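Source file run.cif; content: mmCIF, C-alpha atoms.
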data_final
loop_
_atom_site.label_atom_id
_atom_site.label_comp_id
_atom_site.auth_asym_id
_atom_site.auth_seq_id
_atom_site.Cartn_x
_atom_site.Cartn_y
_atom_site.Cartn_z
CA MET A 23 0.00 0.00 0.00
CA ASP A 24 1.52 3.26 -1.10
CA THR A 25 0.92 5.37 1.95
CA THR A 26 3.19 6.41 4.75
CA SER A 27 0.70 8.60 6.58
CA HIS A 28 0.68 7.26 10.12
CA LEU A 29 -2.40 9.29 10.98
CA LEU A 30 -4.32 7.86 8.03
CA LEU A 31 -3.28 4.30 8.84
CA MET A 32 -4.15 4.81 12.49
CA ALA A 33 -7.57 6.16 11.53
CA LEU A 34 -8.11 3.24 9.14
CA PHE A 35 -7.18 0.76 11.86
CA ALA A 36 -9.40 2.51 14.41
CA GLY A 37 -12.28 2.58 11.93
CA CYS A 38 -12.03 -1.15 11.22
CA VAL A 39 -11.80 -2.08 14.90
CA ALA A 40 -14.62 0.31 15.81
CA LEU A 41 -16.97 -1.06 13.18
CA VAL A 42 -16.37 -4.68 14.14
CA GLY A 43 -16.53 -3.82 17.85
CA GLY A 44 -19.76 -1.89 17.53
CA VAL A 45 -21.49 -4.62 15.56
CA LEU A 46 -20.13 -7.23 17.93
CA LEU A 47 -21.18 -5.56 21.16
CA LYS A 48 -24.63 -4.21 20.33
CA GLU A 49 -27.72 -5.50 18.63
CA THR A 50 -29.61 -2.57 17.11
CA PRO A 51 -28.12 -0.47 14.30
CA ARG A 52 -28.43 2.74 16.32
CA GLN A 53 -26.59 1.24 19.31
CA GLN A 54 -23.98 -0.28 17.01
CA ALA A 55 -23.31 3.04 15.31
CA ARG A 56 -23.05 4.84 18.63
CA THR A 57 -20.70 2.24 20.10
CA ALA A 58 -18.57 2.21 16.96
CA ALA A 59 -18.29 6.00 17.11
CA GLU A 60 -17.29 5.82 20.77
CA ILE A 61 -14.63 3.19 20.10
CA PHE A 62 -13.29 5.16 17.13
CA GLY A 63 -13.15 8.40 19.09
CA SER A 64 -11.53 6.69 22.05
CA LEU A 65 -8.83 5.07 19.95
CA ILE A 66 -7.99 8.24 18.02
CA GLY A 67 -8.21 10.44 21.10
CA ALA A 68 -6.03 8.17 23.20
CA ALA A 69 -3.44 7.91 20.43
CA LEU A 70 -3.28 11.69 20.01
CA VAL A 71 -3.01 12.30 23.76
CA LEU A 72 -0.33 9.65 24.17
CA GLY A 73 1.50 11.00 21.14
CA TRP A 74 1.68 14.49 22.62
CA VAL A 75 2.66 13.17 26.06
CA LEU A 76 5.49 11.14 24.55
CA TYR A 77 6.54 14.12 22.43
CA PHE A 78 7.56 15.98 25.58
CA LEU A 79 9.34 13.04 27.18
CA PRO A 80 13.06 12.89 26.50
CA LEU A 81 13.22 9.28 25.39
CA MET B 8 -50.14 -28.73 65.86
CA ALA B 9 -48.22 -27.69 62.83
CA ALA B 10 -48.37 -30.02 59.96
CA ARG B 11 -45.17 -31.87 59.34
CA PRO B 12 -43.60 -30.92 56.04
CA SER B 13 -43.86 -33.64 53.53
CA SER B 14 -40.71 -35.62 53.01
CA LYS B 15 -41.75 -36.46 49.52
CA ARG B 16 -39.50 -35.10 46.83
CA PRO B 17 -41.17 -33.33 43.94
CA ALA B 18 -41.77 -35.50 40.98
CA ARG B 19 -39.03 -35.41 38.39
CA SER B 20 -41.47 -34.13 35.81
CA ALA B 21 -42.18 -31.06 37.97
CA ALA B 22 -38.60 -29.81 37.73
CA PRO B 23 -38.15 -26.88 35.34
CA ALA B 24 -36.97 -28.03 31.99
CA PRO B 25 -33.65 -26.62 30.78
CA ALA B 26 -33.98 -23.82 28.30
CA ALA B 27 -34.07 -25.14 24.79
CA LEU B 28 -31.35 -23.96 22.44
CA PRO B 29 -32.73 -21.53 19.91
CA ALA B 30 -30.55 -22.98 17.22
CA ALA B 31 -30.16 -26.73 17.26
CA LYS B 32 -26.81 -26.61 15.55
CA PRO B 33 -23.68 -28.33 16.83
CA LEU B 34 -21.46 -25.85 18.62
CA ALA B 35 -18.27 -27.43 17.32
CA LEU B 36 -19.36 -26.80 13.75
CA ILE B 37 -20.25 -23.20 14.60
CA TYR B 38 -16.75 -22.71 16.04
CA LEU B 39 -15.12 -24.34 13.02
CA LEU B 40 -17.18 -22.41 10.48
CA GLY B 41 -16.72 -19.15 12.37
CA TRP B 42 -12.98 -19.67 12.50
CA LEU B 43 -12.46 -20.66 8.87
CA ILE B 44 -14.89 -18.08 7.45
CA PRO B 45 -15.03 -14.93 9.57
CA GLY B 46 -18.71 -14.31 10.29
CA GLY B 47 -19.64 -17.76 9.01
CA GLY B 48 -21.01 -18.82 12.38
CA HIS B 49 -23.33 -15.80 12.51
CA LEU B 50 -24.47 -16.38 8.94
CA TRP B 51 -25.29 -19.99 9.74
CA LEU B 52 -27.23 -18.89 12.82
CA GLY B 53 -29.29 -16.48 10.74
CA ARG B 54 -27.57 -13.28 11.93
CA SER B 55 -27.02 -12.14 8.37
CA VAL B 56 -26.13 -8.48 8.91
CA LYS B 57 -23.60 -9.22 11.64
CA GLY B 58 -22.19 -12.09 9.65
CA LEU B 59 -21.78 -10.00 6.51
CA VAL B 60 -20.05 -7.19 8.39
CA PHE B 61 -17.55 -9.66 9.84
CA LEU B 62 -17.21 -11.46 6.51
CA VAL B 63 -16.20 -8.21 4.82
CA MET B 64 -14.28 -6.42 7.57
CA LEU B 65 -12.04 -9.14 8.99
CA PRO B 66 -10.63 -10.46 5.68
CA MET B 67 -10.29 -6.82 4.58
CA MET B 68 -8.18 -6.08 7.66
CA PHE B 69 -6.13 -9.17 6.87
CA VAL B 70 -5.53 -8.04 3.28
CA ILE B 71 -4.67 -4.50 4.39
CA GLY B 72 -2.16 -6.01 6.82
CA LEU B 73 -0.51 -7.95 4.01
CA ALA B 74 -0.53 -4.89 1.76
CA LEU B 75 1.23 -2.92 4.50
CA ASP B 76 4.12 -5.42 4.43
CA GLY B 77 2.99 -7.17 7.60
CA ARG B 78 4.30 -10.58 8.47
CA LEU B 79 2.54 -13.87 9.09
CA PHE B 80 4.61 -15.09 12.00
CA PRO B 81 5.86 -18.67 12.16
CA PHE B 82 4.97 -20.76 15.16
CA THR B 83 8.19 -20.90 17.14
CA PRO B 84 7.67 -22.14 20.72
CA GLY B 85 11.14 -20.90 21.66
CA GLU B 86 10.04 -17.30 21.12
CA PRO B 87 6.84 -16.79 23.14
CA LEU B 88 5.86 -13.41 21.67
CA VAL B 89 6.34 -14.66 18.12
CA ALA B 90 4.35 -17.77 18.96
CA LEU B 91 1.50 -15.65 20.35
CA ALA B 92 1.53 -13.52 17.21
CA ALA B 93 1.42 -16.71 15.14
CA ILE B 94 -1.61 -17.95 17.08
CA ALA B 95 -3.32 -14.61 16.52
CA ASN B 96 -2.52 -14.84 12.80
CA ILE B 97 -4.00 -18.33 12.58
CA GLY B 98 -7.17 -16.93 14.15
CA SER B 99 -8.01 -15.34 10.81
CA GLY B 100 -8.89 -18.78 9.45
CA LEU B 101 -9.13 -19.39 5.72
CA PRO B 102 -7.50 -16.09 4.67
CA TYR B 103 -4.41 -17.15 6.64
CA PHE B 104 -4.15 -20.50 4.88
CA ILE B 105 -4.78 -18.91 1.47
CA ALA B 106 -2.02 -16.38 2.13
CA GLN B 107 0.33 -19.15 3.22
CA ALA B 108 -0.50 -21.15 0.09
CA LEU B 109 0.18 -18.10 -2.08
CA GLY B 110 3.48 -17.50 -0.34
CA VAL B 111 2.62 -13.98 0.81
CA GLY B 112 3.07 -12.59 4.29
CA ALA B 113 6.84 -12.82 4.54
CA GLY B 114 6.85 -9.27 5.87
CA ARG B 115 9.35 -6.53 5.16
CA ALA B 116 10.83 -5.28 8.40
CA LEU B 117 12.44 -2.28 6.71
CA SER B 118 9.10 -1.04 5.43
CA VAL B 119 7.75 2.02 7.23
CA THR B 120 4.35 0.33 7.49
CA TYR B 121 5.65 -3.02 8.77
CA GLU B 122 4.33 -2.58 12.32
CA TYR B 123 1.02 -1.26 11.06
CA GLY B 124 0.71 -4.34 8.87
CA ASN B 125 1.40 -6.59 11.84
CA ALA B 126 -1.19 -4.71 13.90
CA PHE B 127 -3.82 -5.27 11.21
CA LEU B 128 -2.94 -8.95 10.77
CA ILE B 129 -2.84 -9.76 14.48
CA THR B 130 -5.95 -7.76 15.31
CA ALA B 131 -7.93 -9.41 12.52
CA GLY B 132 -7.22 -12.82 14.03
CA LEU B 133 -8.00 -11.72 17.58
CA LEU B 134 -11.24 -10.03 16.53
CA ASN B 135 -12.25 -13.24 14.77
CA ALA B 136 -11.78 -15.05 18.09
CA LEU B 137 -14.19 -12.57 19.70
CA VAL B 138 -16.61 -13.11 16.81
CA ILE B 139 -16.50 -16.87 17.43
CA ILE B 140 -17.26 -16.30 21.13
CA ASP B 141 -20.17 -14.07 20.13
CA ALA B 142 -21.46 -16.81 17.80
CA HIS B 143 -21.22 -19.21 20.76
CA ASP B 144 -23.36 -16.89 22.90
CA THR B 145 -25.81 -16.42 20.06
CA ALA B 146 -26.14 -20.18 19.58
CA LEU B 147 -26.88 -20.61 23.29
CA GLY B 148 -29.56 -17.94 23.15
CA ARG B 149 -27.69 -15.49 25.35
CA LYS B 150 -27.92 -12.73 22.76
#
Give the structure from this file in structure tokens form.
Amino acid sequence: MDTTSHLLLMALFAGCVALVGGVLLKETPRQQARTAAEIFGSLIGAALVLGWVLYFLPL
Amino acid sequence: MAARPSSKRPARSAAPAPAALPAAKPLALIYLLGWLIPGGGHLWLGRSVKGLVFLVMLPMMFVIGLALDGRLFPFTPGEPLVALAAIANIGSGLPYFIAQALGVGAGRALSVTYEYGNAFLITAGLLNALVIIDAHDTALGRK
């Protein structure tokens, strides 16, 4: 795959996991969509927060 | 004088009958089908939408992982982390065996997307394990 955008790949990964997770955990389409959105937001948000935290750490 | 409680045991027929399985399908076959064909267990149990989502998404994640130069890890008991990754890879079922037969999945460690590819490949297998567990619960009428 001709992409080196880490953000895009991270979003793609989060989207796939969120969709499967939402469908897996809930039964109605509305609940599934809501859960998928929550999982997606959590994954992206956590990655961005951790990314900035690690940016300031002298590792 | 209080009446003495009866020592008679209730008749066997009075005991509540165990809940009948909603789908009289052998669990082992559901596990096998769900493992080989992601979402296959749900499709067989009549959960078409769920089954189709898994059938599309999990092999797609597997293919994306291969396209990102991910590696299908060999089962080496001497290296526990590699062995765990191999088990997760095998969890993808038929796509894993097809990839092995085609000789893809060697991985390219120098590729910038190598770790992303591994994440996709490993996660696809682990999610399929969760899907199989969900099919188990569905077959037992818990969902």
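Interatomic distance, atom CA of B:Glu122 against atom CA of A:Leu34: 14.1 Å.
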Which residues of chain A come within 7 Å of chain B, and what is each one's closest atom pair and distance in Å (one decimal), counting all atoms listed in the file, sorted by chain and residue number, as JSON lines?
{"residue": "A:Met23", "atom": "CA", "partner": "B:Ala74", "partner_atom": "CA", "distance": 5.2}
{"residue": "A:Thr26", "atom": "CA", "partner": "B:Thr120", "partner_atom": "CA", "distance": 6.8}
{"residue": "A:Phe35", "atom": "CA", "partner": "B:Phe127", "partner_atom": "CA", "distance": 6.9}
{"residue": "A:Cys38", "atom": "CA", "partner": "B:Met64", "partner_atom": "CA", "distance": 6.8}
{"residue": "A:Val42", "atom": "CA", "partner": "B:Phe61", "partner_atom": "CA", "distance": 6.7}
{"residue": "A:Val45", "atom": "CA", "partner": "B:Lys57", "partner_atom": "CA", "distance": 6.4}
{"residue": "A:Leu46", "atom": "CA", "partner": "B:Val138", "partner_atom": "CA", "distance": 6.9}
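Across the model, the gap from atom CA of B:Gly77 to atom CA of B:Ala113 is 7.5 Å.
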Skipping near chain neighbours, those fewer than 5 positions away, what residues fall within 7 Å of B:Phe80 using all atoms listed in the file, listed as a short mmCIF file (atom, residue, chain, number, x, y, z; two decimals) with C-alpha atoms, in the frame of the given file?
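Done, and the output landed in result_4.cif:
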data_model
loop_
_atom_site.label_atom_id
_atom_site.label_comp_id
_atom_site.auth_asym_id
_atom_site.auth_seq_id
_atom_site.Cartn_x
_atom_site.Cartn_y
_atom_site.Cartn_z
CA VAL B 89 6.34 -14.66 18.12
CA ALA B 92 1.53 -13.52 17.21
CA ALA B 93 1.42 -16.71 15.14
#
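Counting from atom CA of B:Ile105, the distance to atom CA of B:Ala146 is 28.0 Å.
Applied to the shown file, the PyMOL selection byres ((chain A and resi 61-73) around 10) selects the residues Leu29, Met32, Ala33, Leu34, Phe35, Ala36, Gly37, Cys38, Val39, Ala40, Leu41, Gly43, Gly44, Ala55, Arg56, Thr57, Ala58, Ala59, Glu60, Trp74, Val75, Leu76, Tyr77 and Phe78 of chain A.
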Go through B:Ala95, B:Pro87, B:Ala136, B:Leu79 and flag the residue nearest B:Ala108, using only C-alpha atoms for the distances.
-> B:Leu79
Residues within 12 Å of B:Leu52, all atoms listed in the file, excluding chain neighbours under 3 positions, as an MDAnalysis selection string = chainID B and resid 28:34 36:38 40:41 46:49 55:58 139 141:148 150
Output file for the residues above (C-alpha atoms, as an mmCIF file, keeping the file's coordinate frame):
data_model
loop_
_atom_site.group_PDB
_atom_site.id
_atom_site.type_symbol
_atom_site.label_atom_id
_atom_site.label_comp_id
_atom_site.auth_asym_id
_atom_site.auth_seq_id
_atom_site.Cartn_x
_atom_site.Cartn_y
_atom_site.Cartn_z
ATOM 1 C CA LEU B 28 -31.350 -23.960 22.440
ATOM 2 C CA PRO B 29 -32.730 -21.530 19.910
ATOM 3 C CA ALA B 30 -30.550 -22.980 17.220
ATOM 4 C CA ALA B 31 -30.160 -26.730 17.260
ATOM 5 C CA LYS B 32 -26.810 -26.610 15.550
ATOM 6 C CA PRO B 33 -23.680 -28.330 16.830
ATOM 7 C CA LEU B 34 -21.460 -25.850 18.620
ATOM 8 C CA LEU B 36 -19.360 -26.800 13.750
ATOM 9 C CA ILE B 37 -20.250 -23.200 14.600
ATOM 10 C CA TYR B 38 -16.750 -22.710 16.040
ATOM 11 C CA LEU B 40 -17.180 -22.410 10.480
ATOM 12 C CA GLY B 41 -16.720 -19.150 12.370
ATOM 13 C CA GLY B 46 -18.710 -14.310 10.290
ATOM 14 C CA GLY B 47 -19.640 -17.760 9.010
ATOM 15 C CA GLY B 48 -21.010 -18.820 12.380
ATOM 16 C CA HIS B 49 -23.330 -15.800 12.510
ATOM 17 C CA SER B 55 -27.020 -12.140 8.370
ATOM 18 C CA VAL B 56 -26.130 -8.480 8.910
ATOM 19 C CA LYS B 57 -23.600 -9.220 11.640
ATOM 20 C CA GLY B 58 -22.190 -12.090 9.650
ATOM 21 C CA ILE B 139 -16.500 -16.870 17.430
ATOM 22 C CA ASP B 141 -20.170 -14.070 20.130
ATOM 23 C CA ALA B 142 -21.460 -16.810 17.800
ATOM 24 C CA HIS B 143 -21.220 -19.210 20.760
ATOM 25 C CA ASP B 144 -23.360 -16.890 22.900
ATOM 26 C CA THR B 145 -25.810 -16.420 20.060
ATOM 27 C CA ALA B 146 -26.140 -20.180 19.580
ATOM 28 C CA LEU B 147 -26.880 -20.610 23.290
ATOM 29 C CA GLY B 148 -29.560 -17.940 23.150
ATOM 30 C CA LYS B 150 -27.920 -12.730 22.760
#
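Counting all atoms listed in the file, the residue from B:Ile140, B:Pro66, B:Ala35, B:Gly114 that sits nearest to B:Gly100 is B:Pro66.
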